$ cat run-v5.csv   # CSV, C-alpha atoms
chain,number,residue,atom,x,y,z
A,58,MET,CA,102.6,104.4,71.9
A,59,GLY,CA,101.6,107.0,69.3
A,60,PRO,CA,98.8,109.6,69.3
A,61,ARG,CA,95.4,108.3,68.3
A,62,GLU,CA,93.7,109.4,65.0
A,63,GLN,CA,92.3,112.9,64.7
A,64,PRO,CA,88.8,113.1,66.2
A,65,ALA,CA,86.1,113.2,63.5
A,66,VAL,CA,84.6,116.5,62.6
A,67,GLY,CA,81.1,116.8,63.7
A,68,ARG,CA,79.0,117.8,66.7
A,69,PRO,CA,81.3,119.0,69.6
A,70,ARG,CA,81.5,116.6,72.5
A,71,ALA,CA,81.5,117.8,76.0
A,72,TRP,CA,84.9,118.3,77.7
A,73,ALA,CA,84.1,115.8,80.4
A,74,ARG,CA,83.1,113.1,77.9
A,75,GLN,CA,86.4,113.6,76.0
A,76,VAL,CA,88.4,113.4,79.2
A,77,GLU,CA,86.8,110.1,80.0
A,78,GLU,CA,87.5,108.8,76.5
A,79,PHE,CA,91.2,109.8,76.9
A,80,VAL,CA,91.5,108.2,80.4
A,81,ALA,CA,89.9,105.0,79.0
A,82,TRP,CA,92.3,105.0,76.0
A,83,LYS,CA,95.3,105.6,78.4
A,84,ARG,CA,94.2,102.7,80.6
A,85,ALA,CA,93.9,100.4,77.6
A,86,GLU,CA,97.1,101.4,75.7
A,87,SER,CA,99.7,101.9,78.5
A,88,ASP,CA,100.8,100.4,81.8
A,89,VAL,CA,100.1,103.6,83.8
A,90,GLY,CA,99.0,102.9,87.3
A,91,SER,CA,95.4,103.5,88.5
A,92,GLU,CA,96.5,106.2,91.0
A,93,TRP,CA,98.1,108.2,88.2
A,94,LEU,CA,95.1,107.7,85.9
A,95,ARG,CA,92.8,109.0,88.6
A,96,ARG,CA,95.0,112.1,89.1
A,97,MET,CA,95.1,112.8,85.4
A,98,GLY,CA,91.4,112.5,85.1
A,99,TRP,CA,90.9,114.9,88.1
A,100,GLU,CA,93.3,117.4,86.8
A,101,LEU,CA,91.7,117.4,83.3
A,102,HIS,CA,88.2,117.6,84.5
A,103,ARG,CA,88.9,120.8,86.4
A,104,VAL,CA,90.4,122.6,83.3
A,105,PRO,CA,87.2,124.5,82.4
A,106,LYS,CA,86.9,125.9,85.9
A,107,LEU,CA,90.5,126.8,86.0
A,108,LEU,CA,90.1,128.7,82.8
A,109,VAL,CA,87.3,130.7,84.2
A,110,ARG,CA,89.4,131.5,87.3
A,111,ALA,CA,92.2,132.5,85.0
A,112,GLY,CA,89.9,135.0,83.2
A,113,VAL,CA,89.0,132.9,80.1
A,114,THR,CA,85.2,133.2,79.6
A,115,ASP,CA,84.8,131.1,76.4
A,116,GLN,CA,83.3,127.6,77.1
A,117,HIS,CA,85.7,125.1,75.6
A,118,ARG,CA,83.8,122.0,74.6
A,119,ARG,CA,86.6,120.1,72.9
A,120,SER,CA,90.3,119.9,73.7
A,121,ALA,CA,91.3,120.9,70.1
A,122,ARG,CA,89.8,124.3,70.7
A,123,LEU,CA,92.3,125.2,73.4
A,124,SER,CA,94.5,128.0,72.1
A,125,ILE,CA,98.0,129.3,73.1
A,126,THR,CA,96.2,132.2,74.8
A,127,ASP,CA,94.3,129.7,76.9
A,128,VAL,CA,97.3,127.7,78.0
A,129,ASN,CA,99.3,130.9,78.8
A,130,ALA,CA,96.3,132.1,80.9
A,131,LEU,CA,96.4,128.9,82.9
A,132,ARG,CA,100.2,129.4,83.4
A,133,ALA,CA,100.2,133.0,84.3
A,134,GLY,CA,96.7,133.6,85.7
A,135,LEU,CA,96.9,131.1,88.6
A,136,ARG,CA,99.2,130.6,91.6
A,137,TRP,CA,100.8,127.2,91.0
A,138,GLN,CA,103.0,125.2,93.3
A,139,ARG,CA,105.8,123.6,91.3
A,140,SER,CA,104.7,120.0,92.0
A,141,THR,CA,101.0,120.8,91.1
A,142,PHE,CA,102.0,122.7,88.0
A,143,LEU,CA,104.2,119.8,86.7
A,144,VAL,CA,101.5,117.2,87.3
A,145,HIS,CA,98.6,119.3,85.8
A,146,PHE,CA,100.5,120.4,82.7
A,147,ALA,CA,101.9,116.9,82.1
A,148,ALA,CA,98.3,115.6,82.1
A,149,LEU,CA,97.1,118.4,79.9
A,150,ARG,CA,99.9,118.0,77.4
A,151,GLN,CA,99.3,114.3,77.0
A,152,PHE,CA,95.5,115.0,76.6
A,153,LEU,CA,96.2,117.5,73.8
A,154,ARG,CA,98.6,115.2,72.1
A,155,TRP,CA,96.0,112.5,72.2
A,156,SER,CA,93.4,114.8,70.7
A,157,GLY,CA,95.7,115.8,67.8
A,158,SER,CA,96.3,119.4,69.0
A,159,PRO,CA,99.5,121.0,67.7
A,160,LEU,CA,99.9,122.8,71.1
A,161,ALA,CA,101.3,119.6,72.6
A,162,ASP,CA,104.5,120.1,70.5
A,163,ARG,CA,105.1,123.7,71.5
A,164,SER,CA,107.7,123.0,74.2
A,165,ILE,CA,107.8,126.6,75.5
A,166,LEU,CA,104.2,126.3,76.6
A,167,TRP,CA,105.0,123.6,79.1
A,168,ARG,CA,108.1,125.1,80.8
A,169,LEU,CA,107.9,126.0,84.4
A,170,PRO,CA,106.8,129.6,84.8
A,171,ALA,CA,109.6,132.1,85.6
A,172,GLY,CA,110.1,132.7,89.3
A,173,GLN,CA,108.4,129.6,90.4
A,174,THR,CA,110.1,128.1,93.4
A,175,SER,CA,111.0,124.4,93.6
A,176,HIS,CA,109.6,122.1,96.3
A,177,ARG,CA,111.6,119.2,95.0
A,178,ARG,CA,115.1,118.9,96.4
A,179,TRP,CA,117.7,116.3,96.5
A,180,LEU,CA,120.7,115.9,98.8
A,181,THR,CA,124.1,115.0,97.4
A,182,LYS,CA,125.6,111.7,98.2
A,183,GLN,CA,128.0,113.4,100.6
A,184,HIS,CA,125.2,115.3,102.4
A,185,LEU,CA,123.3,112.0,102.9
A,186,HIS,CA,126.4,110.3,104.2
A,187,ARG,CA,127.1,113.2,106.6
A,188,LEU,CA,123.5,113.3,107.8
A,189,TYR,CA,123.3,109.6,108.5
A,190,ALA,CA,126.8,109.3,110.1
A,191,GLY,CA,126.1,112.4,112.3
A,192,SER,CA,122.8,111.1,113.6
A,193,THR,CA,122.3,108.9,116.6
A,194,GLY,CA,119.4,107.1,118.3
A,195,ARG,CA,116.0,107.8,117.0
A,196,ALA,CA,117.3,110.3,114.4
A,197,ARG,CA,119.6,107.6,112.9
A,198,ILE,CA,116.7,105.2,112.6
A,199,LEU,CA,114.6,107.9,110.9
A,200,VAL,CA,117.3,109.0,108.5
A,201,GLY,CA,118.2,105.4,107.6
A,202,LEU,CA,114.6,104.3,106.9
A,203,GLU,CA,113.9,107.3,104.7
A,204,GLY,CA,117.2,108.1,103.1
A,205,LEU,CA,118.6,104.5,102.8
A,206,ASN,CA,115.4,102.6,102.3
A,207,GLY,CA,113.1,105.2,100.7
A,208,LEU,CA,110.2,105.0,103.1
A,209,ARG,CA,107.7,107.9,103.5
A,210,ARG,CA,107.3,109.6,106.8
A,211,VAL,CA,103.9,108.0,107.4
A,212,GLU,CA,105.3,104.6,106.6
A,213,VAL,CA,108.1,105.0,109.2
A,214,LEU,CA,105.6,106.0,111.8
A,215,ARG,CA,103.4,103.0,111.0
A,216,LEU,CA,106.2,100.6,111.2
A,217,ARG,CA,106.0,98.1,114.1
A,218,VAL,CA,108.6,95.6,115.5
A,219,ARG,CA,106.6,92.7,113.9
A,220,ASP,CA,107.1,94.3,110.5
A,221,VAL,CA,110.9,93.8,110.7
A,222,SER,CA,112.0,90.4,109.6
A,223,LEU,CA,115.7,90.0,110.4
A,224,GLU,CA,115.7,86.4,109.2
A,225,ASN,CA,114.6,87.5,105.7
A,226,ASP,CA,116.2,90.9,105.8
A,227,THR,CA,112.9,92.5,104.8
A,228,LEU,CA,110.5,95.2,106.0
A,229,ALA,CA,106.7,94.9,105.7
A,230,VAL,CA,105.6,98.4,104.8
A,231,ARG,CA,102.1,99.8,104.9
A,232,GLY,CA,101.7,102.6,102.4
A,233,LYS,CA,100.0,105.9,102.6
A,234,GLY,CA,96.2,106.2,102.8
A,235,GLY,CA,93.7,107.3,105.5
A,236,ARG,CA,92.4,103.8,106.0
A,237,GLY,CA,95.7,102.2,105.6
A,238,GLY,CA,97.5,101.8,102.3
A,239,LYS,CA,98.7,98.7,100.4
A,240,TRP,CA,101.3,96.6,102.0
A,241,ARG,CA,104.6,95.9,100.2
A,242,THR,CA,107.6,93.8,101.3
A,243,ILE,CA,111.0,95.3,100.6
A,244,PRO,CA,114.6,94.4,101.5
A,245,ILE,CA,116.4,96.2,104.3
A,246,HIS,CA,119.5,98.3,103.6
A,247,PRO,CA,122.4,96.6,105.4
A,248,ALA,CA,123.3,99.6,107.5
A,249,VAL,CA,119.6,100.1,108.5
A,250,ARG,CA,119.5,96.4,109.4
A,251,ARG,CA,122.5,96.8,111.7
A,252,ASP,CA,120.8,99.7,113.4
A,253,LEU,CA,117.5,97.9,113.8
A,254,VAL,CA,119.0,94.8,115.4
A,255,ALA,CA,120.1,96.8,118.4
A,256,TRP,CA,117.1,99.2,118.3
A,257,ILE,CA,114.3,96.6,118.6
A,258,LYS,CA,116.1,94.3,121.0
A,259,GLY,CA,113.8,93.6,124.0
A,260,GLN,CA,110.8,95.4,122.4
A,261,GLU,CA,107.3,93.9,122.0
A,262,LEU,CA,106.1,92.9,118.6
A,263,ASP,CA,103.3,95.5,118.6
A,264,ASP,CA,105.7,98.4,119.7
A,265,PRO,CA,106.2,101.1,117.1
A,266,ILE,CA,109.7,101.4,115.8
A,267,LEU,CA,109.6,105.2,116.3
A,268,PRO,CA,106.8,106.3,118.7
A,269,LEU,CA,106.6,109.8,117.3
A,270,SER,CA,103.9,112.2,116.0
A,271,ARG,CA,104.3,113.7,112.6
A,272,SER,CA,105.5,117.0,114.1
A,273,GLY,CA,107.8,115.1,116.4
A,274,ALA,CA,109.4,113.4,113.4
A,275,ASP,CA,109.8,116.8,111.7
A,276,LEU,CA,111.5,118.3,114.7
A,277,LEU,CA,113.8,115.2,115.0
A,278,LEU,CA,114.9,115.5,111.4
A,279,ARG,CA,115.5,119.3,111.7
A,280,ARG,CA,117.7,118.7,114.7
A,281,ALA,CA,119.6,115.9,113.0
A,282,ALA,CA,120.4,118.2,110.0
A,283,LEU,CA,121.8,120.8,112.4
A,284,THR,CA,123.8,118.5,114.6
A,285,SER,CA,125.3,116.6,111.7
A,286,GLY,CA,126.9,119.7,110.4
A,287,LEU,CA,124.8,120.4,107.3
A,288,GLY,CA,124.3,123.9,108.5
A,289,PRO,CA,121.2,126.1,109.1
A,290,GLY,CA,121.0,127.1,105.4
A,291,LEU,CA,120.3,123.5,104.2
A,292,ARG,CA,116.7,122.5,104.9
A,293,VAL,CA,116.0,118.8,104.8
A,294,SER,CA,112.5,117.4,104.6
A,295,HIS,CA,111.3,113.8,104.7
A,296,HIS,CA,110.5,113.9,101.0
A,297,ASP,CA,114.0,115.2,100.3
A,298,LEU,CA,115.4,112.1,101.9
A,299,ARG,CA,113.1,109.8,100.0
A,300,ARG,CA,113.7,111.6,96.6
A,301,THR,CA,117.5,111.5,97.3
A,302,PHE,CA,117.2,107.7,97.9
A,303,GLY,CA,115.4,107.3,94.6
A,304,ARG,CA,117.8,109.3,92.6
A,305,LEU,CA,121.0,107.8,94.1
A,306,ALA,CA,119.5,104.2,93.8
A,307,HIS,CA,118.8,104.8,90.1
A,308,GLU,CA,122.3,106.3,89.5
A,309,ALA,CA,123.7,103.2,91.3
A,310,GLY,CA,122.1,101.0,88.6
A,311,MET,CA,118.7,100.1,90.0
A,312,ASP,CA,116.2,99.9,87.2
A,313,LEU,CA,113.0,102.0,87.3
A,314,VAL,CA,110.6,99.0,87.7
A,315,GLN,CA,112.5,97.8,90.8
A,316,LEU,CA,112.6,101.4,92.1
A,317,LYS,CA,108.9,101.9,91.5
A,318,ASN,CA,108.1,98.8,93.5
A,319,LEU,CA,110.5,99.7,96.3
A,320,LEU,CA,109.1,103.2,96.6
A,321,GLY,CA,105.5,102.0,96.4
A,322,HIS,CA,104.6,104.1,93.4
A,323,ALA,CA,101.6,103.3,91.2
A,324,SER,CA,103.5,103.7,87.9
A,325,VAL,CA,107.0,104.1,86.4
A,326,GLU,CA,106.0,107.5,85.2
A,327,MET,CA,105.4,108.6,88.7
A,328,THR,CA,108.9,107.3,89.7
A,329,VAL,CA,110.5,109.1,86.8
A,330,HIS,CA,108.9,112.4,87.8
A,331,TYR,CA,109.6,111.8,91.5
A,332,ILE,CA,113.4,111.3,91.1
A,333,GLY,CA,113.7,114.1,88.6
A,334,LEU,CA,114.8,112.0,85.6
A,335,ASP,CA,114.3,114.8,83.1
A,336,THR,CA,115.3,115.0,79.4
A,337,ALA,CA,118.8,116.4,80.2
A,338,ARG,CA,119.6,113.4,82.5
A,339,MET,CA,118.2,111.0,80.0
A,340,ARG,CA,120.4,112.5,77.3
A,341,GLU,CA,123.4,112.1,79.5
A,342,GLY,CA,122.5,108.4,79.9
A,343,LEU,CA,122.1,108.0,76.2
A,344,GLY,CA,125.5,109.6,75.7
A,345,ARG,CA,127.0,107.1,78.1
A,346,PHE,CA,125.3,104.3,76.2
A,347,ALA,CA,126.6,105.6,72.9
A,348,ARG,CA,130.1,105.6,74.2
A,349,PHE,CA,129.7,102.1,75.6
A,350,VAL,CA,128.3,100.7,72.4
A,351,ARG,CA,130.6,102.0,69.7
A,352,LEU,CA,129.1,101.1,66.4
A,353,GLY,CA,132.2,102.1,64.4
A,354,SER,CA,131.7,101.7,60.6
A,355,TYR,CA,128.8,99.9,59.1
A,356,PRO,CA,127.3,99.5,55.6
A,357,GLY,CA,125.7,102.7,54.5
A,358,GLY,CA,127.2,104.7,57.4
A,359,SER,CA,130.3,106.4,58.4
A,360,ALA,CA,133.1,105.5,60.9

$ encode --input "run-v5.csv" --output "structure tokens"
Amino acid sequence: MGPREQPAVGRPRAWARQVEEFVAWKRAESDVGSEWLRRMGWELHRVPKLLVRAGVTDQHRRSARLSITDVNALRAGLRWQRSTFLVHFAALRQFLRWSGSPLADRSILWRLPAGQTSHRRWLTKQHLHRLYAGSTGRARILVGLEGLNGLRRVEVLRLRVRDVSLENDTLAVRGKGGRGGKWRTIPIHPAVRRDLVAWIKGQELDDPILPLSRSGADLLLRRAALTSGLGPGLRVSHHDLRRTFGRLAHEAGMDLVQLKNLLGHASVEMTVHYIGLDTARMREGLGRFARFVRLGSYPGGSA
């Protein structure tokens, strides 16, 4: 998927109109999910207002008119959380590349601002094992469903006994969303299945697997991290467990499409971002591929 042709020179089009053209092109030319497209459109539509907040007074009517100064003003003039920064600037960079702006190829513009803290963390395989093995009762069910099956906190709290199919070894999971997200059916991790067999015995079909509030689930996870010996210095969140599951599953060989479906993401791009599959990790994977497929000597090349 390459950049589109340069926009014709003529009467400037409004920023909002060009954003809509970009989103429509993205929808037609790629397999990006509808949720990610909506987020991209929202992030791009608010660029003019963000520029004003960052101290840029010029009214930019076309993406090609953005300058290095403008992008740097967005970077330095606003207080970004890491996750929002990554999503916003990923959308803006793709938009500029589509419009033919050379700014998209200036890598330094898109790096995380210095001093920005990270809200994306992953546990090591050893930490996850220690947390799961050191947990009991409700905490073990919670850690298993999030860290070994990749469920969101809200999905765990929505899970009912009827959603567990021990005959098929599957979970019926209702995704996030105020009115109830989409349903997906996923396989149960063998260890989680063993825990659930004993846990749901004697319960009614409509009983929740874990009758907890969100704050109650947070407290349960914090206590589990302490009692399992991870130490007070290692904070563990529900998203940490889910991201850890995603990264370890991918390292174990699960392909990204399967992982996307298991996590309930709208697109593979979202999964790549979520598990932190950055350029360095992809380069490592390419290196392993190169060692695995040794081309040796071939006509026109060298040994």

$ atom_distance --input "run-v5.csv" --atom1 "CA of Leu135 in chain A" --atom2 "CA of Trp167 in chain A"
14.6 Å

$ closest_residue --input "run-v5.csv" --among "A:Ile332, A:Val144, A:Ala255, A:Leu205" --to "Arg178 in chain A" --atoms "only C-alpha atoms"
A:Ile332

$ atom_distance --input "run-v5.csv" --atom1 "CA of Phe346 in chain A" --atom2 "CA of Glu308 in chain A"
13.8 Å

$ atom_distance --input "run-v5.csv" --atom1 "CA of Glu100 in chain A" --atom2 "CA of His145 in chain A"
5.7 Å

$ closest_residue --input "run-v5.csv" --among "A:Met311, A:Val293, A:Ile125, A:Leu298" --to "Arg209 in chain A" --atoms "only C-alpha atoms"
A:Leu298

$ closest_residue --input "run-v5.csv" --among "A:Tyr189, A:Trp99, A:Trp82, A:Phe146" --to "Val128 in chain A" --atoms "only C-alpha atoms"
A:Phe146

$ residues_near_point --input "run-v5.csv" --point "(108.2, 112.2, 112.1)" --cutoff "6 Å" --atoms "all atoms listed in the file" --output "list of chain:residue names"
A:Arg210, A:Leu269, A:Ser270, A:Arg271, A:Ser272, A:Gly273, A:Ala274, A:Asp275

$ closest_residue --input "run-v5.csv" --among "A:Leu223, A:Leu319, A:Leu283, A:Trp256" --to "Ile243 in chain A" --atoms "all atoms listed in the file"
A:Leu319

$ closest_residue --input "run-v5.csv" --among "A:Gly234, A:Pro244, A:Gly342, A:Gly98" --to "Gln75 in chain A" --atoms "only C-alpha atoms"
A:Gly98

$ residues_around --input "run-v5.csv" --residues "Leu199 in chain A" --least-positions-apart "5" --cutoff "12 Å" --atoms "only C-alpha atoms" --output "PDB file with C-alpha atoms, in the frame of the given file"
ATOM      1  CA  LEU A 188     123.500 113.300 107.800  1.00  0.00           C
ATOM      2  CA  TYR A 189     123.300 109.600 108.500  1.00  0.00           C
ATOM      3  CA  SER A 192     122.800 111.100 113.600  1.00  0.00           C
ATOM      4  CA  THR A 193     122.300 108.900 116.600  1.00  0.00           C
ATOM      5  CA  GLY A 194     119.400 107.100 118.300  1.00  0.00           C
ATOM      6  CA  GLY A 204     117.200 108.100 103.100  1.00  0.00           C
ATOM      7  CA  LEU A 205     118.600 104.500 102.800  1.00  0.00           C
ATOM      8  CA  ASN A 206     115.400 102.600 102.300  1.00  0.00           C
ATOM      9  CA  GLY A 207     113.100 105.200 100.700  1.00  0.00           C
ATOM     10  CA  LEU A 208     110.200 105.000 103.100  1.00  0.00           C
ATOM     11  CA  ARG A 209     107.700 107.900 103.500  1.00  0.00           C
ATOM     12  CA  ARG A 210     107.300 109.600 106.800  1.00  0.00           C
ATOM     13  CA  VAL A 211     103.900 108.000 107.400  1.00  0.00           C
ATOM     14  CA  GLU A 212     105.300 104.600 106.600  1.00  0.00           C
ATOM     15  CA  VAL A 213     108.100 105.000 109.200  1.00  0.00           C
ATOM     16  CA  LEU A 214     105.600 106.000 111.800  1.00  0.00           C
ATOM     17  CA  LEU A 216     106.200 100.600 111.200  1.00  0.00           C
ATOM     18  CA  VAL A 249     119.600 100.100 108.500  1.00  0.00           C
ATOM     19  CA  ASP A 252     120.800  99.700 113.400  1.00  0.00           C
ATOM     20  CA  LEU A 253     117.500  97.900 113.800  1.00  0.00           C
ATOM     21  CA  TRP A 256     117.100  99.200 118.300  1.00  0.00           C
ATOM     22  CA  ILE A 266     109.700 101.400 115.800  1.00  0.00           C
ATOM     23  CA  LEU A 267     109.600 105.200 116.300  1.00  0.00           C
ATOM     24  CA  PRO A 268     106.800 106.300 118.700  1.00  0.00           C
ATOM     25  CA  LEU A 269     106.600 109.800 117.300  1.00  0.00           C
ATOM     26  CA  ARG A 271     104.300 113.700 112.600  1.00  0.00           C
ATOM     27  CA  GLY A 273     107.800 115.100 116.400  1.00  0.00           C
ATOM     28  CA  ALA A 274     109.400 113.400 113.400  1.00  0.00           C
ATOM     29  CA  ASP A 275     109.800 116.800 111.700  1.00  0.00           C
ATOM     30  CA  LEU A 276     111.500 118.300 114.700  1.00  0.00           C
ATOM     31  CA  LEU A 277     113.800 115.200 115.000  1.00  0.00           C
ATOM     32  CA  LEU A 278     114.900 115.500 111.400  1.00  0.00           C
ATOM     33  CA  ARG A 279     115.500 119.300 111.700  1.00  0.00           C
ATOM     34  CA  ARG A 280     117.700 118.700 114.700  1.00  0.00           C
ATOM     35  CA  ALA A 281     119.600 115.900 113.000  1.00  0.00           C
ATOM     36  CA  ALA A 282     120.400 118.200 110.000  1.00  0.00           C
ATOM     37  CA  SER A 294     112.500 117.400 104.600  1.00  0.00           C
ATOM     38  CA  HIS A 295     111.300 113.800 104.700  1.00  0.00           C
ATOM     39  CA  LEU A 298     115.400 112.100 101.900  1.00  0.00           C
ATOM     40  CA  ARG A 299     113.100 109.800 100.000  1.00  0.00           C
TER      41      ARG A 299
END

$ closest_residue --input "run-v5.csv" --among "A:Phe349, A:Trp240, A:Trp93, A:Trp179" --to "Leu305 in chain A" --atoms "only C-alpha atoms"
A:Trp179

$ build_atoms --input "run-v5.csv" --residues "range 122-144 of chain A" --atoms "N, CA and C atoms" --output "PDB file, in the coordinates of the input"
ATOM      1  N   ARG A 122      90.058 122.869  70.760  1.00  0.00           N
ATOM      2  CA  ARG A 122      89.800 124.300  70.700  1.00  0.00           C
ATOM      3  C   ARG A 122      90.613 125.125  71.648  1.00  0.00           C
ATOM      4  N   LEU A 123      91.399 124.485  72.516  1.00  0.00           N
ATOM      5  CA  LEU A 123      92.300 125.200  73.400  1.00  0.00           C
ATOM      6  C   LEU A 123      93.314 125.984  72.517  1.00  0.00           C
ATOM      7  N   SER A 124      93.580 127.213  72.883  1.00  0.00           N
ATOM      8  CA  SER A 124      94.500 128.000  72.100  1.00  0.00           C
ATOM      9  C   SER A 124      95.774 128.301  72.978  1.00  0.00           C
ATOM     10  N   ILE A 125      96.775 128.887  72.323  1.00  0.00           N
ATOM     11  CA  ILE A 125      98.000 129.300  73.100  1.00  0.00           C
ATOM     12  C   ILE A 125      97.609 130.283  74.149  1.00  0.00           C
ATOM     13  N   THR A 126      96.680 131.184  73.852  1.00  0.00           N
ATOM     14  CA  THR A 126      96.200 132.200  74.800  1.00  0.00           C
ATOM     15  C   THR A 126      95.651 131.479  76.073  1.00  0.00           C
ATOM     16  N   ASP A 127      94.878 130.416  75.827  1.00  0.00           N
ATOM     17  CA  ASP A 127      94.300 129.700  76.900  1.00  0.00           C
ATOM     18  C   ASP A 127      95.325 129.056  77.845  1.00  0.00           C
ATOM     19  N   VAL A 128      96.286 128.371  77.240  1.00  0.00           N
ATOM     20  CA  VAL A 128      97.300 127.700  78.000  1.00  0.00           C
ATOM     21  C   VAL A 128      98.158 128.727  78.783  1.00  0.00           C
ATOM     22  N   ASN A 129      98.488 129.826  78.125  1.00  0.00           N
ATOM     23  CA  ASN A 129      99.300 130.900  78.800  1.00  0.00           C
ATOM     24  C   ASN A 129      98.456 131.496  79.942  1.00  0.00           C
ATOM     25  N   ALA A 130      97.123 131.577  79.771  1.00  0.00           N
ATOM     26  CA  ALA A 130      96.300 132.100  80.900  1.00  0.00           C
ATOM     27  C   ALA A 130      96.332 131.166  82.066  1.00  0.00           C
ATOM     28  N   LEU A 131      96.322 129.867  81.810  1.00  0.00           N
ATOM     29  CA  LEU A 131      96.400 128.900  82.900  1.00  0.00           C
ATOM     30  C   LEU A 131      97.786 129.048  83.607  1.00  0.00           C
ATOM     31  N   ARG A 132      98.841 129.236  82.825  1.00  0.00           N
ATOM     32  CA  ARG A 132     100.200 129.400  83.400  1.00  0.00           C
ATOM     33  C   ARG A 132     100.313 130.608  84.256  1.00  0.00           C
ATOM     34  N   ALA A 133      99.885 131.737  83.706  1.00  0.00           N
ATOM     35  CA  ALA A 133     100.200 133.000  84.300  1.00  0.00           C
ATOM     36  C   ALA A 133      99.039 133.507  85.248  1.00  0.00           C
ATOM     37  N   GLY A 134      97.822 133.009  85.026  1.00  0.00           N
ATOM     38  CA  GLY A 134      96.700 133.600  85.700  1.00  0.00           C
ATOM     39  C   GLY A 134      96.376 132.878  87.063  1.00  0.00           C
ATOM     40  N   LEU A 135      97.104 131.803  87.390  1.00  0.00           N
ATOM     41  CA  LEU A 135      96.900 131.100  88.600  1.00  0.00           C
ATOM     42  C   LEU A 135      98.154 130.912  89.407  1.00  0.00           C
ATOM     43  N   ARG A 136      98.032 130.772  90.711  1.00  0.00           N
ATOM     44  CA  ARG A 136      99.200 130.600  91.600  1.00  0.00           C
ATOM     45  C   ARG A 136      99.466 129.109  91.727  1.00  0.00           C
ATOM     46  N   TRP A 137     100.463 128.626  91.003  1.00  0.00           N
ATOM     47  CA  TRP A 137     100.800 127.200  91.000  1.00  0.00           C
ATOM     48  C   TRP A 137     101.935 126.913  91.952  1.00  0.00           C
ATOM     49  N   GLN A 138     101.816 125.824  92.689  1.00  0.00           N
ATOM     50  CA  GLN A 138     103.000 125.200  93.300  1.00  0.00           C
ATOM     51  C   GLN A 138     103.691 124.410  92.243  1.00  0.00           C
ATOM     52  N   ARG A 139     105.004 124.306  92.356  1.00  0.00           N
ATOM     53  CA  ARG A 139     105.800 123.600  91.300  1.00  0.00           C
ATOM     54  C   ARG A 139     105.250 122.202  91.062  1.00  0.00           C
ATOM     55  N   SER A 140     105.059 121.435  92.138  1.00  0.00           N
ATOM     56  CA  SER A 140     104.700 120.000  92.000  1.00  0.00           C
ATOM     57  C   SER A 140     103.291 119.927  91.295  1.00  0.00           C
ATOM     58  N   THR A 141     102.335 120.801  91.684  1.00  0.00           N
ATOM     59  CA  THR A 141     101.000 120.800  91.100  1.00  0.00           C
ATOM     60  C   THR A 141     101.080 121.207  89.618  1.00  0.00           C
ATOM     61  N   PHE A 142     101.876 122.230  89.345  1.00  0.00           N
ATOM     62  CA  PHE A 142     102.000 122.700  88.000  1.00  0.00           C
ATOM     63  C   PHE A 142     102.552 121.568  87.076  1.00  0.00           C
ATOM     64  N   LEU A 143     103.580 120.864  87.532  1.00  0.00           N
ATOM     65  CA  LEU A 143     104.200 119.800  86.700  1.00  0.00           C
ATOM     66  C   LEU A 143     103.178 118.691  86.450  1.00  0.00           C
ATOM     67  N   VAL A 144     102.420 118.283  87.451  1.00  0.00           N
ATOM     68  CA  VAL A 144     101.500 117.200  87.300  1.00  0.00           C
ATOM     69  C   VAL A 144     100.318 117.640  86.359  1.00  0.00           C
TER      70      VAL A 144
END
